[in-house]
$ cat work_6.cif   # mmCIF, C-alpha atoms
data_data
loop_
_atom_site.group_PDB
_atom_site.id
_atom_site.type_symbol
_atom_site.label_atom_id
_atom_site.label_comp_id
_atom_site.auth_asym_id
_atom_site.auth_seq_id
_atom_site.Cartn_x
_atom_site.Cartn_y
_atom_site.Cartn_z
ATOM 1 C CA THR A 1 -218.343 163.472 -146.939
ATOM 2 C CA ALA A 2 -215.395 163.652 -144.542
ATOM 3 C CA ALA A 3 -217.048 161.181 -142.172
ATOM 4 C CA MET A 4 -217.762 158.783 -145.047
ATOM 5 C CA GLY A 5 -214.162 159.150 -146.204
ATOM 6 C CA LYS A 6 -212.912 158.148 -142.769
ATOM 7 C CA GLY A 7 -214.986 154.981 -142.956
ATOM 8 C CA PHE A 8 -213.469 154.057 -146.310
ATOM 9 C CA ALA A 9 -209.989 154.823 -144.937
ATOM 10 C CA ILE A 10 -210.533 152.513 -141.969
ATOM 11 C CA GLY A 11 -211.744 149.696 -144.212
ATOM 12 C CA SER A 12 -208.830 150.193 -146.579
ATOM 13 C CA ALA A 13 -206.350 150.116 -143.695
ATOM 14 C CA ALA A 14 -207.891 146.927 -142.327
ATOM 15 C CA LEU A 15 -207.696 145.139 -145.690
ATOM 16 C CA THR A 16 -204.149 146.366 -146.305
ATOM 17 C CA ALA A 17 -202.995 145.257 -142.869
ATOM 18 C CA LEU A 18 -204.668 141.875 -143.351
ATOM 19 C CA ALA A 19 -202.950 141.368 -146.712
ATOM 20 C CA LEU A 20 -199.581 142.319 -145.235
ATOM 21 C CA PHE A 21 -200.233 140.004 -142.289
ATOM 22 C CA VAL A 22 -200.794 137.099 -144.681
ATOM 23 C CA SER A 23 -197.570 138.008 -146.477
ATOM 24 C CA TYR A 24 -195.730 138.027 -143.151
ATOM 25 C CA ALA A 25 -197.156 134.616 -142.239
ATOM 26 C CA GLU A 26 -195.957 133.174 -145.546
ATOM 27 C CA ALA A 27 -192.532 134.783 -145.160
ATOM 28 C CA VAL A 28 -191.915 133.189 -141.754
ATOM 29 C CA GLY A 29 -193.739 129.912 -142.455
ATOM 30 C CA LEU A 30 -196.533 130.637 -139.981
ATOM 31 C CA SER A 31 -199.551 128.508 -140.880
ATOM 32 C CA THR A 32 -201.535 128.790 -137.635
ATOM 33 C CA ILE A 33 -201.595 130.921 -134.495
ATOM 34 C CA ASP A 34 -201.553 128.573 -131.513
ATOM 35 C CA MET A 35 -203.640 130.136 -128.749
ATOM 36 C CA LEU A 36 -202.213 127.644 -126.258
ATOM 37 C CA ASN A 37 -198.702 128.962 -126.846
ATOM 38 C CA PRO A 38 -197.933 131.376 -123.980
ATOM 39 C CA ARG A 39 -195.754 133.548 -126.197
ATOM 40 C CA VAL A 40 -198.617 133.964 -128.669
ATOM 41 C CA ILE A 41 -200.886 135.016 -125.792
ATOM 42 C CA ILE A 42 -198.303 137.584 -124.718
ATOM 43 C CA GLY A 43 -198.121 138.896 -128.264
ATOM 44 C CA LEU A 44 -201.912 139.124 -128.503
ATOM 45 C CA LEU A 45 -202.136 141.110 -125.261
ATOM 46 C CA ILE A 46 -199.362 143.485 -126.308
ATOM 47 C CA GLY A 47 -200.899 143.965 -129.746
ATOM 48 C CA GLY A 48 -204.357 144.558 -128.304
ATOM 49 C CA MET A 49 -202.941 147.163 -125.937
ATOM 50 C CA LEU A 50 -200.953 149.143 -128.522
ATOM 51 C CA PRO A 51 -203.880 150.964 -130.226
ATOM 52 C CA PHE A 52 -205.109 152.163 -126.821
ATOM 53 C CA LEU A 53 -201.647 153.353 -125.806
ATOM 54 C CA PHE A 54 -201.100 154.968 -129.202
ATOM 55 C CA SER A 55 -204.438 156.779 -128.951
ATOM 56 C CA ALA A 56 -203.600 157.997 -125.457
ATOM 57 C CA PHE A 57 -200.322 159.476 -126.714
ATOM 58 C CA THR A 58 -201.995 161.247 -129.637
ATOM 59 C CA MET A 59 -204.858 162.599 -127.510
ATOM 60 C CA GLN A 60 -202.381 163.906 -124.956
ATOM 61 C CA SER A 61 -200.361 165.517 -127.728
ATOM 62 C CA VAL A 62 -203.405 167.400 -128.980
ATOM 63 C CA GLY A 63 -204.063 168.667 -125.465
ATOM 64 C CA LYS A 64 -200.497 169.889 -125.013
ATOM 65 C CA ALA A 65 -200.498 171.715 -128.342
ATOM 66 C CA ALA A 66 -203.898 173.287 -127.616
ATOM 67 C CA PHE A 67 -202.825 174.614 -124.207
ATOM 68 C CA GLU A 68 -199.633 176.009 -125.696
ATOM 69 C CA MET A 69 -201.701 177.752 -128.372
ATOM 70 C CA ILE A 70 -204.036 179.179 -125.724
ATOM 71 C CA GLU A 71 -201.119 180.593 -123.759
ATOM 72 C CA GLU A 72 -199.763 182.244 -126.906
ATOM 73 C CA VAL A 73 -203.154 183.823 -127.707
ATOM 74 C CA ARG A 74 -203.428 185.152 -124.147
ATOM 75 C CA ARG A 75 -199.910 186.578 -124.405
ATOM 76 C CA GLN A 76 -200.779 188.391 -127.603
ATOM 77 C CA PHE A 77 -203.922 189.843 -126.046
ATOM 78 C CA ARG A 78 -201.803 191.169 -123.179
ATOM 79 C CA THR A 79 -198.896 192.519 -125.217
ATOM 80 C CA ILE A 80 -200.480 193.631 -128.511
ATOM 81 C CA PRO A 81 -202.988 196.464 -128.010
ATOM 82 C CA GLY A 82 -206.071 196.824 -130.189
ATOM 83 C CA ILE A 83 -206.597 193.188 -131.177
ATOM 84 C CA MET A 84 -210.190 193.057 -129.943
ATOM 85 C CA GLU A 85 -210.964 196.461 -131.497
ATOM 86 C CA GLY A 86 -209.473 195.460 -134.842
ATOM 87 C CA THR A 87 -206.758 198.100 -134.808
ATOM 88 C CA GLY A 88 -203.944 195.719 -133.805
ATOM 89 C CA LYS A 89 -202.642 192.843 -135.893
ATOM 90 C CA PRO A 90 -202.070 189.467 -134.172
ATOM 91 C CA ASP A 91 -198.906 187.465 -134.741
ATOM 92 C CA TYR A 92 -200.331 184.629 -136.841
ATOM 93 C CA LYS A 93 -196.935 183.166 -137.671
ATOM 94 C CA LYS A 94 -196.236 182.310 -134.041
ATOM 95 C CA CYS A 95 -199.482 180.323 -133.771
ATOM 96 C CA VAL A 96 -198.747 178.441 -136.985
ATOM 97 C CA GLU A 97 -195.245 177.694 -135.715
ATOM 98 C CA ILE A 98 -196.632 176.258 -132.476
ATOM 99 C CA SER A 99 -199.031 174.025 -134.398
ATOM 100 C CA THR A 100 -196.495 172.674 -136.888
ATOM 101 C CA THR A 101 -193.785 172.164 -134.264
ATOM 102 C CA ALA A 102 -196.168 170.257 -132.010
ATOM 103 C CA ALA A 103 -197.352 168.119 -134.935
ATOM 104 C CA LEU A 104 -193.782 166.913 -135.507
ATOM 105 C CA LYS A 105 -192.478 166.828 -131.954
ATOM 106 C CA GLU A 106 -195.443 165.152 -130.269
ATOM 107 C CA MET A 107 -195.633 162.315 -132.794
ATOM 108 C CA LEU A 108 -192.048 161.264 -132.141
ATOM 109 C CA VAL A 109 -192.835 158.870 -129.275
ATOM 110 C CA PRO A 110 -195.908 157.245 -130.925
ATOM 111 C CA GLY A 111 -193.947 156.829 -134.152
ATOM 112 C CA ILE A 112 -191.017 155.161 -132.418
ATOM 113 C CA MET A 113 -193.425 152.913 -130.522
ATOM 114 C CA ALA A 114 -195.103 151.764 -133.747
ATOM 115 C CA VAL A 115 -191.737 150.774 -135.260
ATOM 116 C CA ALA A 116 -190.061 149.429 -132.118
ATOM 117 C CA ALA A 117 -192.912 147.240 -130.817
ATOM 118 C CA PRO A 118 -192.836 144.614 -133.598
ATOM 119 C CA LEU A 119 -189.031 144.651 -133.621
ATOM 120 C CA VAL A 120 -188.768 144.012 -129.880
ATOM 121 C CA VAL A 121 -191.438 141.304 -129.861
ATOM 122 C CA GLY A 122 -190.052 139.614 -132.970
ATOM 123 C CA LEU A 123 -186.496 139.529 -131.640
ATOM 124 C CA LEU A 124 -187.291 138.532 -128.053
ATOM 125 C CA LEU A 125 -190.378 136.344 -128.372
ATOM 126 C CA GLY A 126 -190.170 135.040 -131.939
ATOM 127 C CA VAL A 127 -192.261 135.036 -135.079
ATOM 128 C CA ASP A 128 -195.258 133.299 -133.465
ATOM 129 C CA ALA A 129 -195.558 135.960 -130.777
ATOM 130 C CA LEU A 130 -195.221 138.673 -133.409
ATOM 131 C CA GLY A 131 -198.047 137.053 -135.348
ATOM 132 C CA GLY A 132 -200.158 137.291 -132.209
ATOM 133 C CA LEU A 133 -199.187 140.942 -131.794
ATOM 134 C CA LEU A 134 -200.256 141.788 -135.344
ATOM 135 C CA ALA A 135 -203.548 139.939 -134.925
ATOM 136 C CA GLY A 136 -204.328 141.670 -131.641
ATOM 137 C CA ALA A 137 -203.425 145.100 -132.986
ATOM 138 C CA LEU A 138 -205.515 144.541 -136.122
ATOM 139 C CA VAL A 139 -208.652 143.557 -134.203
ATOM 140 C CA THR A 140 -208.555 146.263 -131.528
ATOM 141 C CA GLY A 141 -207.137 148.874 -133.905
ATOM 142 C CA VAL A 142 -209.987 148.588 -136.401
ATOM 143 C CA MET A 143 -212.596 148.659 -133.639
ATOM 144 C CA MET A 144 -210.959 151.668 -131.992
ATOM 145 C CA ALA A 145 -210.716 153.541 -135.292
ATOM 146 C CA ILE A 146 -214.401 152.987 -136.067
ATOM 147 C CA PHE A 147 -215.418 153.932 -132.520
ATOM 148 C CA MET A 148 -213.349 157.119 -132.477
ATOM 149 C CA SER A 149 -214.497 158.210 -135.917
ATOM 150 C CA ASN A 150 -218.186 157.737 -135.100
ATOM 151 C CA ALA A 151 -218.025 159.081 -131.541
ATOM 152 C CA GLY A 152 -215.985 162.126 -132.551
ATOM 153 C CA GLY A 153 -218.364 162.882 -135.404
ATOM 154 C CA ALA A 154 -221.353 162.565 -133.061
ATOM 155 C CA TRP A 155 -219.841 165.067 -130.589
ATOM 156 C CA ASP A 156 -219.039 167.513 -133.377
ATOM 157 C CA ASN A 157 -222.509 167.228 -134.936
ATOM 158 C CA ALA A 158 -224.146 167.667 -131.534
ATOM 159 C CA LYS A 159 -222.403 171.021 -131.085
ATOM 160 C CA LYS A 160 -223.386 172.166 -134.585
ATOM 161 C CA TYR A 161 -226.970 171.049 -133.990
ATOM 162 C CA ILE A 162 -227.212 173.141 -130.837
ATOM 163 C CA GLU A 163 -225.598 176.123 -132.536
ATOM 164 C CA GLU A 164 -228.429 176.076 -135.082
ATOM 165 C CA GLY A 165 -230.819 177.078 -132.277
ATOM 166 C CA ASN A 166 -231.851 173.737 -130.815
ATOM 167 C CA HIS A 167 -231.857 173.076 -127.063
ATOM 168 C CA GLY A 168 -231.299 176.736 -126.275
ATOM 169 C CA GLY A 169 -228.767 177.584 -128.964
ATOM 170 C CA LYS A 170 -225.503 179.392 -128.375
ATOM 171 C CA GLY A 171 -224.843 180.557 -124.828
ATOM 172 C CA SER A 172 -227.009 177.884 -123.217
ATOM 173 C CA ASP A 173 -225.862 175.218 -120.804
ATOM 174 C CA ALA A 174 -226.393 172.613 -123.508
ATOM 175 C CA HIS A 175 -224.081 174.521 -125.830
ATOM 176 C CA ALA A 176 -221.405 174.826 -123.143
ATOM 177 C CA ALA A 177 -221.587 171.081 -122.551
ATOM 178 C CA ALA A 178 -221.425 170.389 -126.291
ATOM 179 C CA VAL A 179 -218.337 172.580 -126.654
ATOM 180 C CA ILE A 180 -216.608 170.595 -123.907
ATOM 181 C CA GLY A 181 -217.629 167.371 -125.614
ATOM 182 C CA ASP A 182 -216.301 168.589 -128.935
ATOM 183 C CA THR A 183 -212.879 169.217 -127.396
ATOM 184 C CA VAL A 184 -212.730 165.425 -127.084
ATOM 185 C CA GLY A 185 -214.601 164.692 -130.304
ATOM 186 C CA ASP A 186 -212.319 166.662 -132.603
ATOM 187 C CA PRO A 187 -209.088 164.807 -131.659
ATOM 188 C CA PHE A 188 -211.084 161.572 -131.664
ATOM 189 C CA LYS A 189 -212.205 161.887 -135.286
ATOM 190 C CA ASP A 190 -209.339 163.965 -136.681
ATOM 191 C CA THR A 191 -206.243 162.702 -134.847
ATOM 192 C CA SER A 192 -206.407 159.448 -132.915
ATOM 193 C CA GLY A 193 -208.894 157.628 -135.152
ATOM 194 C CA PRO A 194 -207.132 158.208 -138.495
ATOM 195 C CA SER A 195 -203.679 157.651 -136.955
ATOM 196 C CA ILE A 196 -204.645 154.128 -135.860
ATOM 197 C CA ASN A 197 -204.983 153.260 -139.558
ATOM 198 C CA ILE A 198 -201.337 154.189 -140.002
ATOM 199 C CA LEU A 199 -200.359 152.292 -136.847
ATOM 200 C CA ILE A 200 -201.681 148.902 -137.916
ATOM 201 C CA LYS A 201 -200.303 149.251 -141.459
ATOM 202 C CA LEU A 202 -196.902 150.419 -140.240
ATOM 203 C CA MET A 203 -196.501 147.531 -137.792
ATOM 204 C CA THR A 204 -197.347 144.942 -140.422
ATOM 205 C CA VAL A 205 -194.937 146.542 -142.908
ATOM 206 C CA VAL A 206 -192.125 146.580 -140.323
ATOM 207 C CA SER A 207 -192.832 142.946 -139.435
ATOM 208 C CA LEU A 208 -192.747 141.886 -143.084
ATOM 209 C CA VAL A 209 -189.548 143.814 -143.871
ATOM 210 C CA PHE A 210 -187.668 142.442 -140.863
ATOM 211 C CA ALA A 211 -189.039 138.880 -141.115
ATOM 212 C CA PRO A 212 -185.668 137.477 -142.322
ATOM 213 C CA LEU A 213 -183.981 139.065 -139.303
ATOM 214 C CA PHE A 214 -186.456 137.463 -136.914
ATOM 215 C CA LEU A 215 -185.871 134.071 -138.498
ATOM 216 C CA ALA A 216 -182.095 134.484 -138.361
ATOM 217 C CA VAL A 217 -181.993 135.592 -134.740
ATOM 218 C CA GLY A 218 -184.831 133.394 -133.529
ATOM 219 C CA SER A 219 -186.754 133.597 -130.296
ATOM 220 C CA PHE A 220 -184.814 134.613 -127.223
ATOM 221 C CA PHE A 221 -186.852 132.202 -125.145
ATOM 222 C CA SER A 222 -187.064 129.297 -127.598
ATOM 223 C CA CYS A 223 -183.699 127.878 -126.540
ATOM 224 C CA ARG A 224 -181.784 127.912 -123.285
ATOM 225 C CA LYS A 225 -178.525 128.723 -125.045
ATOM 226 C CA SER A 226 -178.326 130.281 -128.483
ATOM 227 C CA GLY A 227 -181.829 129.968 -129.932
ATOM 228 C CA ILE A 228 -182.358 129.222 -133.599
ATOM 229 C CA LEU A 229 -179.120 128.558 -135.439
ATOM 230 C CA CYS A 230 -180.122 127.850 -139.011
ATOM 231 C CA ARG A 231 -183.049 127.545 -141.373
ATOM 232 C CA LYS A 232 -183.452 125.852 -144.717
ATOM 233 C CA LYS A 233 -186.262 124.889 -147.030
ATOM 234 C CA GLY A 234 -186.466 121.363 -148.347
ATOM 235 C CA ASN A 235 -189.290 119.084 -149.467
ATOM 236 C CA GLU A 236 -191.783 121.906 -148.837
ATOM 237 C CA SER A 237 -190.955 121.851 -145.100
ATOM 238 C CA PHE A 238 -189.334 124.511 -142.961
ATOM 239 C CA TYR A 239 -186.646 123.328 -140.577
ATOM 240 C CA PHE A 240 -185.165 125.073 -137.580
ATOM 241 C CA ALA A 241 -182.230 124.152 -135.371
ATOM 242 C CA VAL A 242 -183.214 124.329 -131.708
ATOM 243 C CA CYS A 243 -181.580 123.147 -128.542
ATOM 244 C CA ASP A 244 -182.314 120.292 -126.213
ATOM 245 C CA VAL A 245 -185.566 119.002 -127.669
ATOM 246 C CA SER A 246 -184.919 115.313 -127.191
ATOM 247 C CA LYS A 247 -187.552 115.108 -124.426
ATOM 248 C CA LYS A 248 -190.299 116.484 -126.650
ATOM 249 C CA SER A 249 -192.556 113.698 -127.878
ATOM 250 C CA GLY A 250 -193.250 113.340 -131.569
ATOM 251 C CA ALA A 251 -190.288 115.388 -132.727
ATOM 252 C CA LYS A 252 -188.491 114.308 -135.863
ATOM 253 C CA ASN A 253 -184.880 114.766 -134.773
ATOM 254 C CA VAL A 254 -182.165 114.857 -137.396
ATOM 255 C CA PRO A 255 -178.527 115.139 -136.226
ATOM 256 C CA ILE A 256 -176.571 118.068 -137.648
ATOM 257 C CA PHE A 257 -173.093 119.510 -137.374
ATOM 258 C CA SER A 258 -171.366 116.549 -135.589
ATOM 259 C CA LYS A 259 -172.031 113.686 -133.210
ATOM 260 C CA ASN A 260 -170.877 115.725 -130.233
ATOM 261 C CA THR A 261 -173.187 118.646 -130.892
ATOM 262 C CA LYS A 262 -176.081 119.266 -128.532
ATOM 263 C CA TYR A 263 -178.272 120.700 -131.291
ATOM 264 C CA THR A 264 -180.786 118.849 -133.424
ATOM 265 C CA LEU A 265 -182.761 119.758 -136.491
ATOM 266 C CA VAL A 266 -186.483 119.648 -135.792
ATOM 267 C CA GLN A 267 -189.300 119.978 -138.278
ATOM 268 C CA ARG A 268 -191.417 123.029 -137.569
ATOM 269 C CA GLY A 269 -194.871 122.295 -136.210
ATOM 270 C CA ASN A 270 -194.019 119.226 -134.154
ATOM 271 C CA LEU A 271 -192.952 121.238 -131.114
ATOM 272 C CA GLY A 272 -195.219 124.198 -131.420
ATOM 273 C CA TYR A 273 -192.555 126.857 -131.186
ATOM 274 C CA SER A 274 -190.516 128.835 -133.647
#

$ encode --input "work_6.cif" --output "C-alpha cells"
Amino acid sequence: TAAMGKGFAIGSAALTALALFVSYAEAVGLSTIDMLNPRVIIGLLIGGMLPFLFSAFTMQSVGKAAFEMIEEVRRQFRTIPGIMEGTGKPDYKKCVEISTTAALKEMLVPGIMAVAAPLVVGLLLGVDALGGLLAGALVTGVMMAIFMSNAGGAWDNAKKYIEEGNHGGKGSDAHAAAVIGDTVGDPFKDTSGPSINILIKLMTVVSLVFAPLFLAVGSFFSCRKSGILCRKKGNESFYFAVCDVSKKSGAKNVPIFSKNTKYTLVQRGNLGYS
C-alpha cells in the first residue's frame, strides 16, 4: 500500500506542478516556449539538472545521519555495560535527537536551493528562461521520482524475499548483498523520491508568487542598459519597454517617454524575448 501511495503522490505532484506552471505562464504572458531562444535552453538545462542535484543532497544527508547514528550506538556499547545482555538500558533519547536534528539541519541547503533557483533564473534570465527551468524540472523530476520509488521498492523487497529463506536466507552472500542494496533503496524510496514531489511543486509556487517581480525587474540580459522598464495591458496585448531594438526586423515600435529617449515600446512576441 505504501508503494501504491507513492505512485499516487507522484502523479498528484506532477498534475499540481503542471497546473501551477500554466498559471505562471498566464501571469507572465508566456504563450510558447521558444526552443531556439538560448536563454530558454539555459533554463531547460538548469531545470533538468536540479532534481538530480536535489536527490544527491538528500541521499548524502541520509548517509551522514546514518553514520552519526552508528557512531552513537558504538559509543553506547562501549560506555554502557550490559546492553547486549539486557541488563543495561540504552540512551534512546540521544538517537532520536540525532535523527530529528539531522532531518532539519541537512535539508537546509536543498530547501534553499529549491527556493533560490527560480528566483535567480527569473531575475537574471527572465520569465522565458524560468519557464524553461520549470519545464525541465517537471520532466526530469517526475521521471526521477518514479524511478527512485520503483527501484528503492525493488531493493527493499529483494532483501525481504531473501530473508524469507530464498537464495540461502539470512547470513548468505545473497543476503549480505541485498542488505547493501537496501541501504541505497531505503533513501531512494523514502527520502529522495518523495522529496522530488515537493521540489517541483515548490519551484512552481515560488515562480508564480514572484511573477510580478520578474516582470518588473525584467531580464538582466534582455537589454544592454536597464532592461524592462514598464509593462501595461491594452487591446489584449502585453507590451514591454526594451532598449535599442530598432535593428530588429518586424518590430512594432511605438515611441514613449520623449523624442530624445532611447527606449521604445515593443509588442511582445515580435522579438522573441521578454

$ closest_atom_pairs --input "work_6.cif" --of "region 27-138 of chain A" --to "region 181-197 of chain A" --cutoff "8 Å" --atoms "all atoms listed in the file" --output "tab-separated table"
residue	atom	partner	partner_atom	distance
A:Pro51	CA	A:Ile196	CA	6.5
A:Phe54	CA	A:Ile196	CA	7.6
A:Ser55	CA	A:Ser192	CA	5.2
A:Thr58	CA	A:Ser192	CA	5.8
A:Met59	CA	A:Pro187	CA	6.3
A:Val62	CA	A:Pro187	CA	6.8

$ atom_distance --input "work_6.cif" --atom1 "CA of Leu45 (chain A)" --atom2 "CA of Ala137 (chain A)"
8.8 Å

$ closest_atom_pairs --input "work_6.cif" --of "region 10-111 of chain A" --to "region 203-211 of chain A" --cutoff "9 Å" --atoms "all atoms listed in the file" --output "JSON lines"
{"residue": "A:Ala17", "atom": "CA", "partner": "A:Thr204", "partner_atom": "CA", "distance": 6.2}
{"residue": "A:Leu18", "atom": "CA", "partner": "A:Thr204", "partner_atom": "CA", "distance": 8.5}
{"residue": "A:Leu20", "atom": "CA", "partner": "A:Thr204", "partner_atom": "CA", "distance": 5.9}
{"residue": "A:Phe21", "atom": "CA", "partner": "A:Thr204", "partner_atom": "CA", "distance": 6.0}
{"residue": "A:Ser23", "atom": "CA", "partner": "A:Leu208", "partner_atom": "CA", "distance": 7.1}
{"residue": "A:Tyr24", "atom": "CA", "partner": "A:Leu208", "partner_atom": "CA", "distance": 4.9}
{"residue": "A:Ala25", "atom": "CA", "partner": "A:Leu208", "partner_atom": "CA", "distance": 8.5}
{"residue": "A:Ala27", "atom": "CA", "partner": "A:Ala211", "partner_atom": "CA", "distance": 6.7}
{"residue": "A:Val28", "atom": "CA", "partner": "A:Ala211", "partner_atom": "CA", "distance": 6.4}

$ closest_residue --input "work_6.cif" --among "A:Val73, A:Leu108, A:Val120, A:Ile10" --to "Tyr92 (chain A)" --atoms "all atoms listed in the file"
A:Val73

$ resolve_selection --input "work_6.cif" --expression "the PyMOL selection byres ((chain A and resi 132) around 9)" --output "PyMOL selection string"
chain A and resi 33-35+39-47+127-131+133-137

$ resolve_selection --input "work_6.cif" --expression "the PyMOL selection byres ((chain A and resi 65-69) around 7)" --output "PyMOL selection string"
chain A and resi 61-64+70-73+95+98-99+102

$ residues_around --input "work_6.cif" --residues "Leu123 (chain A)" --least-positions-apart "3" --cutoff "9 Å" --atoms "all atoms listed in the file" --output "NGL selection string"
:A and (118-120 or 126-127 or 130 or 213-215 or 217-220)
